[in-house]
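Dumped query.json below, it's JSON, C-alpha atoms:
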[["chain", "number", "residue", "atom", "x", "y", "z"],
["A", 1, "MET", "CA", 0.00, 0.00, 0.00],
["A", 2, "LEU", "CA", 1.40, 3.35, -0.92],
["A", 3, "LEU", "CA", 1.14, 6.04, 1.70],
["A", 4, "ALA", "CA", 1.02, 9.76, 0.97],
["A", 5, "SER", "CA", -0.68, 11.32, 3.97],
["A", 6, "PRO", "CA", 0.21, 12.89, 7.33],
["A", 7, "SER", "CA", -0.67, 9.56, 8.98],
["A", 8, "LEU", "CA", 2.83, 8.27, 8.14],
["A", 9, "ALA", "CA", 3.86, 8.86, 11.74],
["A", 10, "ALA", "CA", 0.96, 6.74, 13.06],
["A", 11, "SER", "CA", 1.94, 3.52, 14.79],
["A", 12, "LEU", "CA", 1.62, 0.32, 12.81],
["A", 13, "PRO", "CA", -0.01, -2.93, 13.92],
["A", 14, "GLU", "CA", 2.38, -5.58, 15.21],
["A", 15, "GLY", "CA", 4.22, -7.36, 12.40],
["A", 16, "VAL", "CA", 3.60, -4.62, 9.82],
["A", 17, "GLU", "CA", 6.72, -2.97, 8.40],
["A", 18, "ARG", "CA", 7.01, 0.34, 6.50],
["A", 19, "ILE", "CA", 9.53, 0.50, 3.64],
["A", 20, "GLY", "CA", 10.65, 3.36, 1.41],
["A", 21, "LEU", "CA", 10.95, 3.13, -2.37],
["A", 22, "SER", "CA", 11.22, 5.36, -5.40],
["A", 23, "VAL", "CA", 8.70, 5.49, -8.29],
["A", 24, "ASP", "CA", 9.79, 7.56, -11.30],
["A", 25, "GLY", "CA", 12.22, 9.36, -9.01],
["A", 26, "LEU", "CA", 9.52, 10.25, -6.43],
["A", 27, "PRO", "CA", 9.80, 8.93, -2.87],
["A", 28, "ARG", "CA", 6.98, 6.58, -1.86],
["A", 29, "GLN", "CA", 6.28, 4.37, 1.12],
["A", 30, "ALA", "CA", 4.70, 0.94, 1.33],
["A", 31, "LEU", "CA", 3.52, -1.36, 4.08],
["A", 32, "ILE", "CA", 4.57, -5.00, 4.24],
["A", 33, "GLU", "CA", 2.03, -7.10, 6.13],
["A", 34, "PRO", "CA", 2.51, -10.86, 6.50],
["A", 35, "PRO", "CA", -0.41, -13.23, 7.19],
["A", 36, "GLU", "CA", -1.46, -13.42, 10.84],
["A", 37, "ASP", "CA", -0.04, -16.94, 11.35],
["A", 38, "PHE", "CA", 3.25, -16.23, 9.52],
["A", 39, "GLU", "CA", 6.43, -17.44, 11.21],
["A", 40, "PRO", "CA", 9.74, -16.52, 9.49],
["A", 41, "GLY", "CA", 11.75, -19.54, 8.40],
["A", 42, "GLN", "CA", 8.81, -21.94, 8.67],
["A", 43, "GLY", "CA", 7.50, -23.74, 5.59],
["A", 44, "ALA", "CA", 7.49, -22.81, 1.93],
["A", 45, "PRO", "CA", 7.58, -19.22, 0.63],
["A", 46, "LEU", "CA", 4.19, -17.54, 0.43],
["A", 47, "PRO", "CA", 2.68, -15.81, -2.62],
["A", 48, "THR", "CA", 2.81, -12.01, -2.62],
["A", 49, "LEU", "CA", -0.19, -9.75, -3.06],
["A", 50, "VAL", "CA", 0.43, -6.12, -4.03],
["A", 51, "LEU", "CA", -2.48, -3.77, -3.36],
["A", 52, "LEU", "CA", -2.29, -0.16, -4.55],
["A", 53, "HIS", "CA", -4.74, 2.57, -3.63],
["A", 54, "ASP", "CA", -5.75, 5.35, -6.01],
["A", 55, "MET", "CA", -5.45, 9.07, -5.40],
["A", 56, "GLY", "CA", -8.93, 9.21, -3.85],
["A", 57, "GLN", "CA", -8.14, 6.64, -1.15],
["A", 58, "SER", "CA", -5.75, 6.36, 1.72],
["A", 59, "ALA", "CA", -3.75, 3.27, 2.61],
["A", 60, "ARG", "CA", -5.79, 3.06, 5.81],
["A", 61, "GLU", "CA", -9.05, 2.93, 3.83],
["A", 62, "VAL", "CA", -7.77, 0.21, 1.49],
["A", 63, "ARG", "CA", -6.39, -1.83, 4.39],
["A", 64, "ALA", "CA", -9.82, -1.69, 6.08],
["A", 65, "LEU", "CA", -11.39, -3.29, 2.98]]
Structure re-expressed in C-alpha cells:
Amino acid sequence: MLLASPSLAASLPEGVERIGLSVDGLPRQALIEPPEDFEPGQGAPLPTLVLLHDMGQSAREVRAL
C-alpha cells in the first residue's frame, strides 16, 4: 500500500513494516504485512499480493477493505 498522507507517523499494527521506495524518481512508502499466522523460516515461501490505492483513497481505507 502506498502512503502519501500525514498519517505516516501513526503507529503500525504488530508485524507490519514500512519501507521506502522510489517510483519515477519520487519517494513513496509501502507497508509490508505478512499473514497473521506467519512465522519466518517456517515452511514454503508464500505468494505475494500487491495492493495499490488510487489518489482518492488512503492506505488506511484500502487496508480496512
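Counting from CA of Ser11 (chain A), the distance to CA of Arg60 (chain A) is 11.9 Å.
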**OP:** May I have the residues within 10 Å of region 19-21 of chain A as number ranges by chain, using only C-alpha atoms and disregarding those fewer than 2 positions away in the same chain?
**Re:** A: 2-3, 16-17, 23, 25-32
Original post:
What is the distance, in Å and to one decimal place, between CA of Gly15 (chain A) and CA of Pro34 (chain A)?
Top reply: 7.1 Å
Original post:
Could you name the residues that touch Leu65 (chain A) at 12 Å or less, counting all atoms listed in the file, but leaving out those on the same chain fewer than 5 positions away, as a list in words?
Top reply: Leu51, His53, Gln57, Ser58, Ala59 and Arg60 of chain A
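When CA of Asp24 (chain A) is paired with CA of Leu12 (chain A), their separation reads 26.5 Å.
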Write out as lines of an AutoDock Vina configuration file an axis-aligned box for region 44-54 of chain A: all of its atoms listed in the file, 4 Å added on each side, centre and edge lengths in Å with one decimal.
center_x = 0.9
center_y = -8.7
center_z = -2.0
size_x = 21.3
size_y = 36.2
size_z = 15.9
